>>> print(open('entry_35.tsv').read())   # TSV, C-alpha atoms
chain	number	residue	atom	x	y	z
S	1	MET	CA	22.00	-3.96	32.02
S	2	SER	CA	19.32	-1.91	33.58
S	3	GLU	CA	16.13	-3.67	34.56
S	4	ALA	CA	13.92	-0.78	33.51
S	5	VAL	CA	12.19	-1.33	30.17
S	6	SER	CA	11.88	1.64	27.89
S	7	ASN	CA	8.32	2.55	26.83
S	8	ILE	CA	8.87	1.32	23.33
S	9	ASP	CA	9.85	-2.21	24.42
S	10	GLU	CA	6.96	-2.66	26.82
S	11	ILE	CA	4.77	-5.65	25.97
S	12	LYS	CA	1.47	-4.47	24.57
S	13	THR	CA	-1.45	-5.84	26.55
S	14	THR	CA	-4.47	-4.01	25.16
S	15	PRO	CA	-6.58	-5.93	22.60
S	16	TRP	CA	-6.17	-3.56	19.64
S	17	ALA	CA	-2.41	-3.39	20.19
S	18	GLY	CA	-2.02	-7.14	19.78
S	19	GLY	CA	-2.34	-8.09	23.44
S	20	HIS	CA	-5.14	-10.55	22.82
S	21	SER	CA	-7.97	-11.11	20.35
S	22	PRO	CA	-10.13	-7.97	20.32
S	23	PHE	CA	-13.25	-9.90	19.29
S	24	LYS	CA	-12.86	-12.70	21.86
S	25	VAL	CA	-14.27	-15.30	19.51
S	26	GLU	CA	-12.67	-18.30	17.98
S	27	TYR	CA	-11.48	-17.92	14.37
S	28	GLY	CA	-14.08	-20.23	12.79
S	29	LYS	CA	-16.95	-18.56	14.58
S	30	MET	CA	-15.81	-15.10	13.49
S	31	MET	CA	-15.50	-16.29	9.88
S	32	MET	CA	-19.01	-17.74	10.08
S	33	TRP	CA	-20.22	-14.29	11.13
S	34	PHE	CA	-18.49	-12.63	8.19
S	35	PHE	CA	-19.82	-15.26	5.79
S	36	LEU	CA	-23.32	-14.64	7.09
S	37	LEU	CA	-22.80	-10.91	6.59
S	38	SER	CA	-21.96	-11.52	2.93
S	39	ASP	CA	-24.96	-13.83	2.63
S	40	ALA	CA	-27.10	-11.10	4.16
S	41	PHE	CA	-25.95	-8.82	1.33
S	42	THR	CA	-26.96	-11.44	-1.25
S	43	PHE	CA	-30.43	-11.90	0.18
S	44	SER	CA	-30.88	-8.15	0.64
S	45	SER	CA	-30.02	-7.57	-3.00
S	46	LEU	CA	-32.62	-10.13	-4.06
S	47	LEU	CA	-35.30	-8.76	-1.75
S	48	ILE	CA	-34.55	-5.13	-2.63
S	49	SER	CA	-34.76	-5.96	-6.36
S	50	TYR	CA	-38.11	-7.56	-5.61
S	51	GLY	CA	-39.22	-4.38	-3.86
S	52	ALA	CA	-38.00	-2.16	-6.68
S	53	LEU	CA	-39.76	-4.22	-9.39
S	54	ARG	CA	-42.94	-4.34	-7.36
S	55	PHE	CA	-42.91	-0.56	-6.80
S	56	SER	CA	-42.40	-0.02	-10.52
S	57	MET	CA	-45.61	-1.89	-11.46
S	58	PRO	CA	-49.09	-0.39	-11.41
S	59	THR	CA	-50.46	-3.64	-9.94
S	60	TRP	CA	-49.23	-6.79	-8.18
S	61	PRO	CA	-50.78	-10.20	-7.39
S	62	ALA	CA	-52.52	-10.10	-3.98
S	63	ALA	CA	-50.83	-12.41	-1.49
S	64	ASP	CA	-54.08	-13.56	0.15
S	65	LYS	CA	-55.40	-14.59	-3.28
S	66	VAL	CA	-52.28	-16.41	-4.49
S	67	PHE	CA	-51.55	-18.20	-1.23
S	68	GLN	CA	-54.91	-19.42	0.02
S	69	SER	CA	-54.63	-23.18	-0.12
S	70	VAL	CA	-53.41	-25.77	2.32
S	71	PRO	CA	-51.95	-28.32	-0.13
S	72	GLY	CA	-53.44	-31.75	0.40
S	73	LEU	CA	-56.34	-30.46	2.48
S	74	VAL	CA	-58.20	-27.49	1.00
S	75	ASP	CA	-57.78	-25.74	-2.31
S	76	SER	CA	-58.86	-22.22	-1.42
S	77	GLY	CA	-60.34	-19.97	1.21
S	78	TYR	CA	-57.60	-20.25	3.83
S	79	PRO	CA	-55.13	-17.43	3.13
S	80	LEU	CA	-51.78	-17.59	4.94
S	81	VAL	CA	-52.61	-20.72	6.96
S	82	PHE	CA	-50.05	-22.92	5.23
S	83	VAL	CA	-47.26	-20.37	5.40
S	84	GLY	CA	-48.15	-19.87	9.06
S	85	ILE	CA	-47.43	-23.55	9.64
S	86	MET	CA	-44.13	-23.23	7.74
S	87	THR	CA	-43.10	-20.19	9.79
S	88	PHE	CA	-43.94	-22.00	13.03
S	89	ILE	CA	-41.87	-25.04	11.98
S	90	LEU	CA	-38.83	-22.91	11.19
S	91	ILE	CA	-39.01	-20.85	14.42
S	92	MET	CA	-39.46	-24.08	16.36
S	93	SER	CA	-36.40	-25.68	14.74
S	94	SER	CA	-34.43	-22.53	15.59
S	95	VAL	CA	-35.41	-23.01	19.23
S	96	THR	CA	-34.29	-26.66	19.25
S	97	MET	CA	-30.99	-25.45	17.71
S	98	VAL	CA	-30.30	-23.01	20.58
S	99	LEU	CA	-31.26	-25.74	23.01
S	100	ALA	CA	-28.60	-27.94	21.36
S	101	VAL	CA	-26.05	-25.11	21.77
S	102	GLU	CA	-27.09	-24.72	25.40
S	103	ALA	CA	-26.72	-28.48	25.99
S	104	GLY	CA	-23.27	-28.24	24.35
S	105	HIS	CA	-22.20	-25.66	26.95
S	106	ARG	CA	-22.99	-28.26	29.61
S	107	ASN	CA	-21.08	-30.94	27.61
S	108	SER	CA	-24.17	-33.11	27.59
S	109	LYS	CA	-23.68	-35.28	24.52
S	110	LYS	CA	-27.04	-37.05	24.80
S	111	GLU	CA	-29.03	-33.81	24.92
S	112	VAL	CA	-27.05	-32.27	22.04
S	113	VAL	CA	-27.88	-35.27	19.86
S	114	MET	CA	-31.56	-35.15	20.82
S	115	TRP	CA	-31.98	-31.44	20.05
S	116	MET	CA	-29.95	-31.72	16.82
S	117	ILE	CA	-32.23	-34.52	15.62
S	118	PHE	CA	-35.30	-32.35	16.36
S	119	THR	CA	-33.66	-29.51	14.41
S	120	ILE	CA	-33.01	-31.78	11.43
S	121	ILE	CA	-36.61	-33.06	11.49
S	122	GLY	CA	-37.82	-29.43	11.56
S	123	GLY	CA	-35.63	-28.65	8.55
S	124	PHE	CA	-37.01	-31.58	6.57
S	125	MET	CA	-40.58	-30.64	7.49
S	126	PHE	CA	-40.00	-27.10	6.26
S	127	LEU	CA	-38.51	-28.38	2.99
S	128	GLY	CA	-41.47	-30.72	2.54
S	129	CYS	CA	-43.91	-27.84	3.04
S	130	GLN	CA	-42.00	-25.74	0.54
S	131	ALA	CA	-42.11	-28.56	-2.00
S	132	LEU	CA	-45.90	-28.73	-1.57
S	133	GLU	CA	-46.21	-24.95	-1.92
S	134	TRP	CA	-44.12	-24.95	-5.10
S	135	THR	CA	-46.06	-27.88	-6.58
S	136	HIS	CA	-49.33	-26.11	-5.86
S	137	LEU	CA	-48.22	-22.87	-7.53
S	138	HIS	CA	-46.78	-24.82	-10.44
S	139	HIS	CA	-50.13	-26.55	-10.98
S	140	GLU	CA	-51.82	-23.17	-11.06
S	141	GLY	CA	-49.51	-22.24	-13.94
S	142	PHE	CA	-46.79	-20.22	-12.20
S	143	TRP	CA	-43.14	-21.04	-12.87
S	144	TRP	CA	-40.03	-19.26	-14.06
S	145	ALA	CA	-41.09	-17.54	-17.31
S	146	SER	CA	-44.60	-18.97	-17.04
S	147	ILE	CA	-47.95	-17.64	-15.78
S	148	PRO	CA	-51.51	-19.03	-15.94
S	149	GLY	CA	-52.55	-18.97	-19.61
S	150	ASN	CA	-56.25	-18.51	-18.90
S	151	GLU	CA	-57.11	-14.81	-18.52
S	152	HIS	CA	-59.93	-15.46	-16.05
S	153	THR	CA	-57.66	-17.55	-13.85
S	154	LEU	CA	-55.04	-14.82	-13.95
S	155	LYS	CA	-57.54	-12.09	-13.00
S	156	GLU	CA	-58.46	-13.98	-9.84
S	157	PHE	CA	-55.01	-13.35	-8.37
S	158	PHE	CA	-55.44	-9.59	-8.44
S	159	ASN	CA	-57.46	-7.15	-6.37
S	160	GLU	CA	-59.70	-5.10	-8.63
S	161	ALA	CA	-58.19	-1.76	-9.48
S	162	PRO	CA	-59.49	0.82	-11.92
S	163	GLY	CA	-57.42	1.50	-15.02
S	164	VAL	CA	-55.22	-1.59	-14.76
S	165	GLY	CA	-55.34	-3.62	-17.96
S	166	LEU	CA	-54.62	-7.25	-18.69
S	167	ASP	CA	-51.15	-6.45	-20.07
S	168	ALA	CA	-50.10	-4.83	-16.81
S	169	GLN	CA	-51.43	-7.83	-14.89
S	170	LYS	CA	-49.49	-10.24	-17.11
S	171	THR	CA	-46.25	-8.30	-16.63
S	172	ALA	CA	-46.76	-8.14	-12.87
S	173	ALA	CA	-47.70	-11.82	-12.56
S	174	GLN	CA	-44.60	-12.83	-14.50
S	175	ALA	CA	-42.31	-10.66	-12.37
S	176	PHE	CA	-43.98	-12.07	-9.26
S	177	ALA	CA	-43.49	-15.69	-10.40
S	178	ASN	CA	-39.82	-15.22	-11.31
S	179	LEU	CA	-39.01	-13.41	-8.06
S	180	PHE	CA	-41.00	-15.81	-5.89
S	181	PHE	CA	-39.34	-18.94	-7.23
S	182	THR	CA	-35.87	-17.38	-7.28
S	183	ILE	CA	-35.97	-15.99	-3.75
S	184	THR	CA	-37.79	-18.83	-1.98
S	185	GLY	CA	-35.67	-21.25	-4.04
S	186	PHE	CA	-32.45	-19.61	-2.90
S	187	HIS	CA	-33.73	-19.66	0.67
S	188	GLY	CA	-34.82	-23.29	0.34
S	189	PHE	CA	-31.37	-24.17	-0.96
S	190	HIS	CA	-29.92	-22.60	2.20
S	191	VAL	CA	-32.31	-24.64	4.35
S	192	PHE	CA	-31.30	-27.77	2.44
S	193	SER	CA	-27.56	-27.17	2.89
S	194	GLY	CA	-28.25	-26.28	6.54
S	195	VAL	CA	-29.94	-29.65	7.05
S	196	ILE	CA	-26.99	-31.44	5.43
S	197	ILE	CA	-24.50	-29.55	7.63
S	198	ASN	CA	-26.61	-30.33	10.71
S	199	ILE	CA	-26.61	-34.03	9.82
S	200	VAL	CA	-22.81	-34.07	9.38
S	201	ILE	CA	-22.31	-32.30	12.72
S	202	THR	CA	-24.74	-34.64	14.49
S	203	LEU	CA	-22.80	-37.64	13.16
S	204	ASN	CA	-19.63	-36.02	14.52
S	205	VAL	CA	-21.28	-35.58	17.92
S	206	LEU	CA	-22.31	-39.26	17.88
S	207	ALA	CA	-18.75	-40.24	16.96
S	208	GLY	CA	-17.53	-38.31	19.99
S	209	THR	CA	-15.42	-35.82	18.02
S	210	TYR	CA	-16.38	-32.83	20.17
S	211	GLN	CA	-16.19	-34.77	23.41
S	212	LYS	CA	-12.55	-35.52	22.60
S	213	ARG	CA	-12.02	-31.89	21.61
S	214	GLY	CA	-13.48	-30.83	24.95
S	215	SER	CA	-15.85	-28.24	23.48
S	216	TYR	CA	-19.05	-28.18	21.46
S	217	LEU	CA	-18.15	-24.88	19.76
S	218	MET	CA	-18.89	-26.43	16.36
S	219	ILE	CA	-22.57	-26.66	17.35
S	220	GLU	CA	-22.54	-22.89	17.91
S	221	LYS	CA	-21.11	-22.28	14.43
S	222	VAL	CA	-23.69	-24.37	12.59
S	223	GLY	CA	-26.27	-22.86	14.93
S	224	LEU	CA	-25.36	-19.40	13.63
S	225	TYR	CA	-25.98	-20.59	10.07
S	226	TRP	CA	-29.29	-22.19	10.99
S	227	HIS	CA	-30.56	-19.06	12.78
S	228	PHE	CA	-29.55	-16.99	9.79
S	229	VAL	CA	-31.75	-19.17	7.57
S	230	ASP	CA	-34.60	-18.54	10.01
S	231	LEU	CA	-33.80	-14.80	9.95
S	232	VAL	CA	-34.02	-14.67	6.15
S	233	TRP	CA	-37.35	-16.48	6.26
S	234	VAL	CA	-38.71	-13.80	8.62
S	235	PHE	CA	-38.05	-11.24	5.87
S	236	VAL	CA	-39.23	-13.44	2.98
S	237	PHE	CA	-42.44	-14.14	4.90
S	238	THR	CA	-43.13	-10.45	5.51
S	239	PHE	CA	-42.39	-9.23	2.00
S	240	PHE	CA	-44.00	-12.05	0.00
S	241	TYR	CA	-46.93	-13.05	2.16
S	242	LEU	CA	-47.93	-10.03	4.24
S	243	VAL	CA	-47.06	-6.75	2.52
A	244	MET	CA	-8.55	1.77	25.33
A	245	SER	CA	-8.26	2.00	29.09
A	246	SER	CA	-11.67	0.35	29.45
A	247	HIS	CA	-10.17	-2.82	28.00
A	248	THR	CA	-7.48	-3.32	30.64
A	249	ASP	CA	-9.59	-5.18	33.20
A	250	VAL	CA	-11.56	-7.08	30.59
A	251	THR	CA	-9.96	-10.48	31.10
A	252	SER	CA	-11.29	-11.04	34.59
A	253	HIS	CA	-14.75	-9.80	33.60
A	254	ASP	CA	-15.06	-11.95	30.53
A	255	HIS	CA	-15.13	-15.15	32.43
A	256	ASP	CA	-18.29	-14.44	34.39
A	257	HIS	CA	-19.62	-12.64	31.35
A	258	GLU	CA	-19.80	-15.87	29.38
A	259	HIS	CA	-21.37	-17.86	32.17
A	260	GLY	CA	-23.57	-15.17	33.65
A	261	GLU	CA	-25.30	-14.00	30.46
A	262	GLY	CA	-25.47	-17.18	28.42
A	263	MET	CA	-28.80	-18.48	27.18
A	264	THR	CA	-30.50	-20.67	29.74
A	265	ALA	CA	-33.32	-22.94	28.60
A	266	LYS	CA	-35.79	-20.64	30.34
A	267	LYS	CA	-34.56	-17.57	28.43
A	268	ILE	CA	-34.66	-19.49	25.14
A	269	TRP	CA	-38.33	-20.33	25.61
A	270	ARG	CA	-39.08	-16.72	26.58
A	271	VAL	CA	-37.57	-15.50	23.28
A	272	PHE	CA	-39.54	-18.20	21.45
A	273	PHE	CA	-42.82	-16.95	22.89
A	274	ILE	CA	-41.91	-13.36	21.99
A	275	LEU	CA	-41.26	-14.44	18.36
A	276	LEU	CA	-44.45	-16.49	18.28
A	277	GLY	CA	-46.44	-13.59	19.77
A	278	ILE	CA	-45.14	-11.13	17.16
A	279	THR	CA	-46.03	-13.59	14.36
A	280	VAL	CA	-49.54	-14.03	15.80
A	281	ILE	CA	-49.97	-10.22	15.81
A	282	GLU	CA	-48.89	-10.13	12.15
A	283	PHE	CA	-51.46	-12.80	11.26
A	284	PHE	CA	-54.14	-10.98	13.22
A	285	ILE	CA	-53.47	-7.81	11.21
A	286	ALA	CA	-53.37	-9.70	7.88
A	287	LEU	CA	-56.43	-11.89	8.48
A	288	TYR	CA	-58.65	-9.64	10.59
A	289	CYS	CA	-57.67	-5.95	10.70
A	290	VAL	CA	-57.09	-5.40	6.98
A	291	PRO	CA	-60.01	-7.49	5.58
A	292	GLN	CA	-62.42	-5.98	8.15
A	293	HIS	CA	-61.19	-2.44	7.31
A	294	VAL	CA	-60.05	-1.70	10.87
A	295	PHE	CA	-57.20	0.11	9.12
A	296	SER	CA	-55.88	0.13	5.57
A	297	ILE	CA	-52.98	-1.78	4.02
A	298	SER	CA	-50.89	1.39	3.91
A	299	VAL	CA	-51.09	1.52	7.71
A	300	ALA	CA	-50.51	-2.22	8.04
A	301	ASN	CA	-47.34	-2.30	5.90
A	302	PRO	CA	-45.17	-0.09	8.17
A	303	ILE	CA	-46.44	-2.10	11.15
A	304	TYR	CA	-45.36	-5.35	9.43
A	305	ILE	CA	-41.89	-3.92	8.77
A	306	VAL	CA	-41.43	-2.73	12.37
A	307	LEU	CA	-42.59	-6.13	13.71
A	308	THR	CA	-40.25	-7.92	11.28
A	309	LEU	CA	-37.29	-5.85	12.44
A	310	ALA	CA	-38.25	-6.63	16.04
A	311	LYS	CA	-38.22	-10.35	15.24
A	312	ALA	CA	-34.86	-9.96	13.46
A	313	PHE	CA	-33.49	-8.23	16.59
A	314	TYR	CA	-34.56	-11.07	18.87
A	315	ILE	CA	-33.12	-13.75	16.56
A	316	VAL	CA	-29.77	-11.99	16.08
A	317	ALA	CA	-29.36	-10.71	19.63
A	318	TYR	CA	-30.44	-13.79	21.59
A	319	PHE	CA	-30.46	-16.88	19.34
A	320	MET	CA	-27.29	-15.84	17.53
A	321	HIS	CA	-25.92	-14.51	20.81
A	322	LEU	CA	-24.65	-11.27	19.25
A	323	LYS	CA	-25.88	-9.20	22.21
A	324	PHE	CA	-23.34	-10.95	24.44
A	325	GLU	CA	-20.34	-10.67	22.10
A	326	LYS	CA	-17.63	-8.02	22.37
A	327	VAL	CA	-18.65	-4.61	21.10
A	328	GLY	CA	-16.01	-4.73	18.34
A	329	LEU	CA	-17.60	-7.81	16.78
A	330	VAL	CA	-21.10	-6.37	17.16
A	331	TYR	CA	-20.11	-3.23	15.25
A	332	SER	CA	-18.27	-5.15	12.51
A	333	ILE	CA	-21.52	-7.02	11.82
A	334	ILE	CA	-24.05	-4.22	12.33
A	335	VAL	CA	-22.32	-1.24	10.67
A	336	PRO	CA	-22.04	-2.82	7.15
A	337	ILE	CA	-25.86	-3.12	7.21
A	338	LEU	CA	-25.78	0.61	6.39
A	339	PHE	CA	-24.88	-0.40	2.82
A	340	ILE	CA	-28.14	-2.34	2.61
A	341	ILE	CA	-30.10	0.70	3.79
A	342	GLY	CA	-28.30	2.67	1.09
A	343	LEU	CA	-29.39	0.22	-1.61
A	344	ILE	CA	-32.98	0.33	-0.33
A	345	LEU	CA	-33.02	4.13	-0.57
A	346	VAL	CA	-31.47	4.17	-4.05
A	347	LEU	CA	-33.65	1.47	-5.60
A	348	THR	CA	-36.99	2.49	-4.09
A	349	ASN	CA	-36.33	6.02	-5.34
A	350	GLU	CA	-35.34	4.69	-8.77
A	351	SER	CA	-38.35	2.37	-9.04
A	352	HIS	CA	-40.75	5.31	-8.88
A	353	HIS	CA	-39.19	6.58	-12.11
A	354	TRP	CA	-39.55	3.16	-13.77
A	355	ILE	CA	-43.36	3.41	-13.57
A	356	GLY	CA	-43.15	6.44	-15.84
A	357	LEU	CA	-40.77	4.66	-18.21
A	358	ARG	CA	-43.11	1.67	-18.49
A	359	GLY	CA	-45.88	4.03	-19.64
A	360	VAL	CA	-43.62	5.39	-22.39
A	361	VAL	CA	-42.21	2.08	-23.66
A	362	VAL	CA	-45.31	-0.12	-23.40
A	363	PRO	CA	-48.41	1.98	-24.13
A	364	GLU	CA	-51.58	0.28	-22.90
>>> encode(input="entry_35.tsv", output="structure tokens")
Amino acid sequence: MSEAVSNIDEIKTTPWAGGHSPFKVEYGKMMMWFFLLSDAFTFSSLLISYGALRFSMPTWPAADKVFQSVPGLVDSGYPLVFVGIMTFILIMSSVTMVLAVEAGHRNSKKEVVMWMIFTIIGGFMFLGCQALEWTHLHHEGFWWASIPGNEHTLKEFFNEAPGVGLDAQKTAAQAFANLFFTITGFHGFHVFSGVIINIVITLNVLAGTYQKRGSYLMIEKVGLYWHFVDLVWVFVFTFFYLV
Amino acid sequence: MSSHTDVTSHDHDHEHGEGMTAKKIWRVFFILLGITVIEFFIALYCVPQHVFSISVANPIYIVLTLAKAFYIVAYFMHLKFEKVGLVYSIIVPILFIIGLILVLTNESHHWIGLRGVVVPE
């Protein structure tokens, strides 16, 4: 037999020919990315529907009039302060999450646990704030399929605009309430499941699962999910509270 | 394809050289915080004091939001340091979202007219 190998039998070494993984990421991490992509589509659809409905109305509740309380402290006059606190909490918990990932690269179990606990606390604080925000809006009369019954109360949520009647304001307020509770609710549900996942992973770290495995890659995967939740909030914040 | 042949030796220092150090993480945090502070400044000072109108502020908000999204995805989610194939498989499908935005914003301008017809004031 000749030792020369014909071209067709040569072992393929390039990534796209099957030589090695072209993406250079572990299977679970890649699947997390694709899951997040699909989740991004879901949230985009919700936010784009919100945009479309808002564009199709002659008026819309003004954000600085709807969100001007700090629940538990002041009832009005401080627009955006409370949501500012919420945004800060979520960005902060994203930072502690990357710090946990970074500690995982150094195989430092103690630091991973510490940063994961901070992340979980941040998640709970955000959920608590959201519960307060929801309760406050609910007391004002907003809910799914429900708006403030009093016409004077309702008028206070709108900037004055010529030619916009009460009917248009009612329609807009109702669309606003439904979209607000659906979208922040769906986001809050993601935060909640993220906190649960973080707790499970932290317990695994404490049990030494990843130490035995020799890598803290799992922290990176839940980290991706947690950052995605933060990413969605960045968009929810802009389109509900600023624009 | 040929660019991939010497990838294996590079990848090793790639992972260690460009990972997120604690210092870099805090830098990204302060960038995100700074952008958010600018957004609040526009919403609480510039618009109420009529420095510029809401129609100027809105595009600024969207650009700042996309900047924040870039920093979160690129650095916190580490996508900037992944292989280009993975980056494109995540980024390119976003074009569908842009498509839906174009279709529905265009459509919504027609809905205003329809509302006038169906529900006369």
>>> atom_distance(input="entry_35.tsv", atom1="atom CA of Ala172 of chain S", atom2="atom CA of Val243 of chain S")
15.5 Å
>>> closest_atom_pairs(input="entry_35.tsv", of="chain A", to="chain S", cutoff="6 Å", atoms="all atoms listed in the file", output="Markdown table")
| residue | atom | partner | partner_atom | distance |
| --- | --- | --- | --- | --- |
| A:Asn301 | CA | S:Val243 | CA | 5.6 |
| A:Met320 | CA | S:Leu224 | CA | 5.6 |
| A:Lys326 | CA | S:Phe23 | CA | 5.7 |
| A:Gly328 | CA | S:Phe23 | CA | 5.9 |
| A:Leu329 | CA | S:Phe23 | CA | 5.4 |
| A:Leu347 | CA | S:Ala52 | CA | 5.8 |
| A:Thr348 | CA | S:Ala52 | CA | 5.4 |
| A:Ser351 | CA | S:Ser56 | CA | 4.9 |
| A:His352 | CA | S:Ser56 | CA | 5.8 |
| A:Trp354 | CA | S:Ser56 | CA | 5.4 |
| A:Ile355 | CA | S:Ser56 | CA | 4.7 |
>>> atom_distance(input="entry_35.tsv", atom1="atom CA of Ile341 of chain A", atom2="atom CA of Phe35 of chain S")
19.1 Å
>>> closest_residue(input="entry_35.tsv", among="A:His321, A:Ile303, A:Trp269, A:Gly356", to="Cys289 of chain A", atoms="all atoms listed in the file")
A:Ile303
>>> atom_distance(input="entry_35.tsv", atom1="atom CA of His136 of chain S", atom2="atom CA of Asn198 of chain S")
28.4 Å
>>> build_atoms(input="entry_35.tsv", residues="segment 10-25 of chain S", atoms="N, CA and C atoms", output="short mmCIF file (atom, residue, chain, number, x, y, z; two decimals), in the frame of the given file")
data_model
loop_
_atom_site.label_atom_id
_atom_site.label_comp_id
_atom_site.auth_asym_id
_atom_site.auth_seq_id
_atom_site.Cartn_x
_atom_site.Cartn_y
_atom_site.Cartn_z
N GLU S 10 7.96 -2.11 25.92
CA GLU S 10 6.96 -2.66 26.82
C GLU S 10 6.02 -3.59 26.05
N ILE S 11 5.68 -4.72 26.64
CA ILE S 11 4.77 -5.65 25.97
C ILE S 11 3.38 -5.04 25.92
N LYS S 12 2.80 -5.05 24.73
CA LYS S 12 1.47 -4.47 24.57
C LYS S 12 0.44 -5.45 25.12
N THR S 13 -0.45 -4.94 25.96
CA THR S 13 -1.45 -5.84 26.55
C THR S 13 -2.87 -5.52 26.12
N THR S 14 -3.10 -4.35 25.54
CA THR S 14 -4.47 -4.01 25.16
C THR S 14 -4.86 -4.78 23.89
N PRO S 15 -6.17 -5.07 23.72
CA PRO S 15 -6.58 -5.93 22.60
C PRO S 15 -6.21 -5.38 21.22
N TRP S 16 -6.41 -4.08 20.99
CA TRP S 16 -6.17 -3.56 19.64
C TRP S 16 -4.70 -3.34 19.38
N ALA S 17 -3.85 -3.52 20.41
CA ALA S 17 -2.41 -3.39 20.19
C ALA S 17 -1.76 -4.75 20.04
N GLY S 18 -2.56 -5.81 19.96
CA GLY S 18 -2.02 -7.14 19.78
C GLY S 18 -1.89 -7.93 21.06
N GLY S 19 -2.42 -7.40 22.16
CA GLY S 19 -2.34 -8.09 23.44
C GLY S 19 -3.09 -9.40 23.42
N HIS S 20 -4.35 -9.32 23.03
CA HIS S 20 -5.14 -10.55 22.82
C HIS S 20 -6.23 -10.25 21.82
N SER S 21 -6.97 -11.28 21.41
CA SER S 21 -7.97 -11.11 20.35
C SER S 21 -9.01 -10.07 20.75
N PRO S 22 -9.17 -9.02 19.95
CA PRO S 22 -10.13 -7.97 20.32
C PRO S 22 -11.58 -8.45 20.26
N PHE S 23 -11.86 -9.46 19.45
CA PHE S 23 -13.25 -9.90 19.29
C PHE S 23 -13.61 -11.01 20.27
N LYS S 24 -12.60 -11.63 20.87
CA LYS S 24 -12.86 -12.70 21.86
C LYS S 24 -13.73 -13.81 21.31
N VAL S 25 -13.60 -14.10 20.03
CA VAL S 25 -14.27 -15.30 19.51
C VAL S 25 -13.26 -16.13 18.76
#
